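Visitor: Handing you this structure, nothing more for now.
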Amino acid sequence: MGTIISGGYETWVFVTVILAFNRFVLFCFPAREKQIFSSTGNKIWLLATIAVYALFAGIQASSKVYSKYLIDIYQWKYDYSYAWSRIRKDVVIYYQLGGVFVAWLFYIAVVIKLFRYRNEAGSSTRSKANQKLLIHAFVITVYCTIQNFLWTRSTFSSRKEKFRMWF
């Protein structure tokens, strides 16, 4: 059960970036949207999502990693006696925070484009429809950001002079 949950939990980052990228292409490069997100393109995106899931689920299913989620303290706990536990923990935190950062970059570009488009567009109906699409995607990214930072415990280690994050 943990393998299924862990793989699914990590896949949300990839799906969030795909959603942000889709909105970015749709608003900033509309002519390319039909190519990148065509029927074949969508199948490739789906296969990539399955591959990301399989990667994280496969690592969790191996005998090299052990982690569990403690619901009473909202924290992931790793057993570092397993060979890949520490590496997985470090990769996952950078993957999650990096993925959300990339999604934010896409949305910032889209917002800038929307403000420029609003001033150029003759149809306020299309502009309002675009804004609604953006708001839906934006809310998902805000939720993911909040989830990441609230579920991640952080402390500053003055001894090592670096920012460290623990689940």
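Quick note on naming: the chains in the structure tokens go A, B, ... in the order shown, residues restart at 1 in each chain, and ligands are numbered from 1 in order of appearance.
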Can you pull out every residue from chain A that DSSP, working from the backbone, puts in strand (DSSP E), and format the result as a PyMOL selection string?

Guide: chain A and resi 67-70+75-78+153-157+162-166

Visitor: For Ala57 (chain A), work out the shell of residues within 10 Å, counting only C-alpha atoms and skipping chain neighbours fewer than 5 positions away, then give it as a list in words.

Guide: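 Here the qualifying residues turn out to be Gly2, Thr3, Ile4, Ile5, Ser6, Gly7, Gly8, Tyr9, Glu10, Thr11, Ala51, Val52 and Ser62 of chain A.
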
Visitor: Quick one: everything within 9 Å of Trp84 (chain A), counting only C-alpha atoms, minus sequence neighbours fewer than 4 positions away in the same chain. Send it as an mmCIF file with N, CA, C and O atoms, in the first residue's frame.

Guide:
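And here is the file that came out, part_2.cif:
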```
data_model
loop_
_atom_site.group_PDB
_atom_site.id
_atom_site.type_symbol
_atom_site.label_atom_id
_atom_site.label_comp_id
_atom_site.auth_asym_id
_atom_site.auth_seq_id
_atom_site.Cartn_x
_atom_site.Cartn_y
_atom_site.Cartn_z
ATOM 1 N N ILE A 59 11.167 2.470 -6.774
ATOM 2 C CA ILE A 59 12.193 2.721 -5.751
ATOM 3 C C ILE A 59 11.646 2.385 -4.368
ATOM 4 O O ILE A 59 12.319 1.761 -3.552
ATOM 5 N N LYS A 64 15.754 -1.337 -0.902
ATOM 6 C CA LYS A 64 16.825 -0.377 -0.617
ATOM 7 C C LYS A 64 16.334 0.872 0.123
ATOM 8 O O LYS A 64 17.130 1.686 0.574
ATOM 9 N N VAL A 65 14.994 1.057 0.200
ATOM 10 C CA VAL A 65 14.417 2.257 0.806
ATOM 11 C C VAL A 65 13.325 1.853 1.784
ATOM 12 O O VAL A 65 12.560 0.931 1.526
ATOM 13 N N TYR A 66 13.286 2.575 2.919
ATOM 14 C CA TYR A 66 12.154 2.397 3.821
ATOM 15 C C TYR A 66 11.747 3.772 4.333
ATOM 16 O O TYR A 66 12.551 4.519 4.870
ATOM 17 N N TYR A 80 17.345 5.125 7.868
ATOM 18 C CA TYR A 80 18.593 5.326 7.141
ATOM 19 C C TYR A 80 19.500 4.107 7.133
ATOM 20 O O TYR A 80 20.561 4.141 6.536
ATOM 21 N N ARG A 88 16.916 9.041 -1.448
ATOM 22 C CA ARG A 88 15.535 9.238 -1.867
ATOM 23 C C ARG A 88 14.950 10.471 -1.201
ATOM 24 O O ARG A 88 14.277 11.274 -1.838
ATOM 25 N N LYS A 89 15.200 10.624 0.081
ATOM 26 C CA LYS A 89 14.675 11.784 0.815
ATOM 27 C C LYS A 89 15.182 13.079 0.195
ATOM 28 O O LYS A 89 14.410 14.016 -0.044
#
```

Visitor: Of the candidates A:Leu55, A:Asp72, A:Leu46, A:Thr141, which shows the shortest atom-to-atom distance to Leu105 (chain A), using only C-alpha atoms?

Guide: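 Of A:Leu55, A:Asp72, A:Leu46, A:Thr141, the one nearest Leu105 (chain A), counting only C-alpha atoms, is A:Thr141.
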
Visitor: Kindly indicate which residue among A:Phe138, A:Tyr95, A:Tyr117, A:Trp12 lies nearest to Ile50 (chain A), using only C-alpha atoms for the distances.

Guide: A:Trp12

Visitor: A:Tyr94, A:Phe14, A:Tyr53, A:Phe27: which is nearest Leu133 (chain A), counting only C-alpha atoms?

Guide: A:Phe27

Visitor: Name the closest residue to Ser38 (chain A) among the candidates A:Asn22, A:Val110, A:Tyr143, A:Gln60; distances are taken between atoms, counting only C-alpha atoms.

Guide: A:Asn22

Visitor: When you draw a straight line from CA of Tyr107 (chain A) to CA of Thr49 (chain A), how long is it in Å?

Guide: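 Interatomic distance here is 20.5 Å.
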
Visitor: Counting only C-alpha atoms, what is within 12 Å of Leu97 (chain A), bar same-chain residues fewer than 6 positions away, as a ChimeraX atom specification?

Guide: /A:10,12-14,16-17,90-91,103-104,141,144-149,151-152,165

Visitor: Pick the closest to Ser81 (chain A) from A:Ile36, A:Ser63, A:Lys128, A:Gly98: which is it, counting only C-alpha atoms?

Guide: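 Checking each of A:Ile36, A:Ser63, A:Lys128, A:Gly98 against Ser81 (chain A), counting only C-alpha atoms, the winner is A:Ser63.
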
Visitor: Could you work out how far CA of Pro30 (chain A) lies from CA of Asn42 (chain A), giving the answer in Å with one decimal?

Guide: 16.0 Å

Visitor: Please compute the CA of Lys132 (chain A)-CA of Lys34 (chain A) distance, one decimal, in Å.

Guide: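 Interatomic distance, CA of Lys132 (chain A) to CA of Lys34 (chain A): 20.4 Å.
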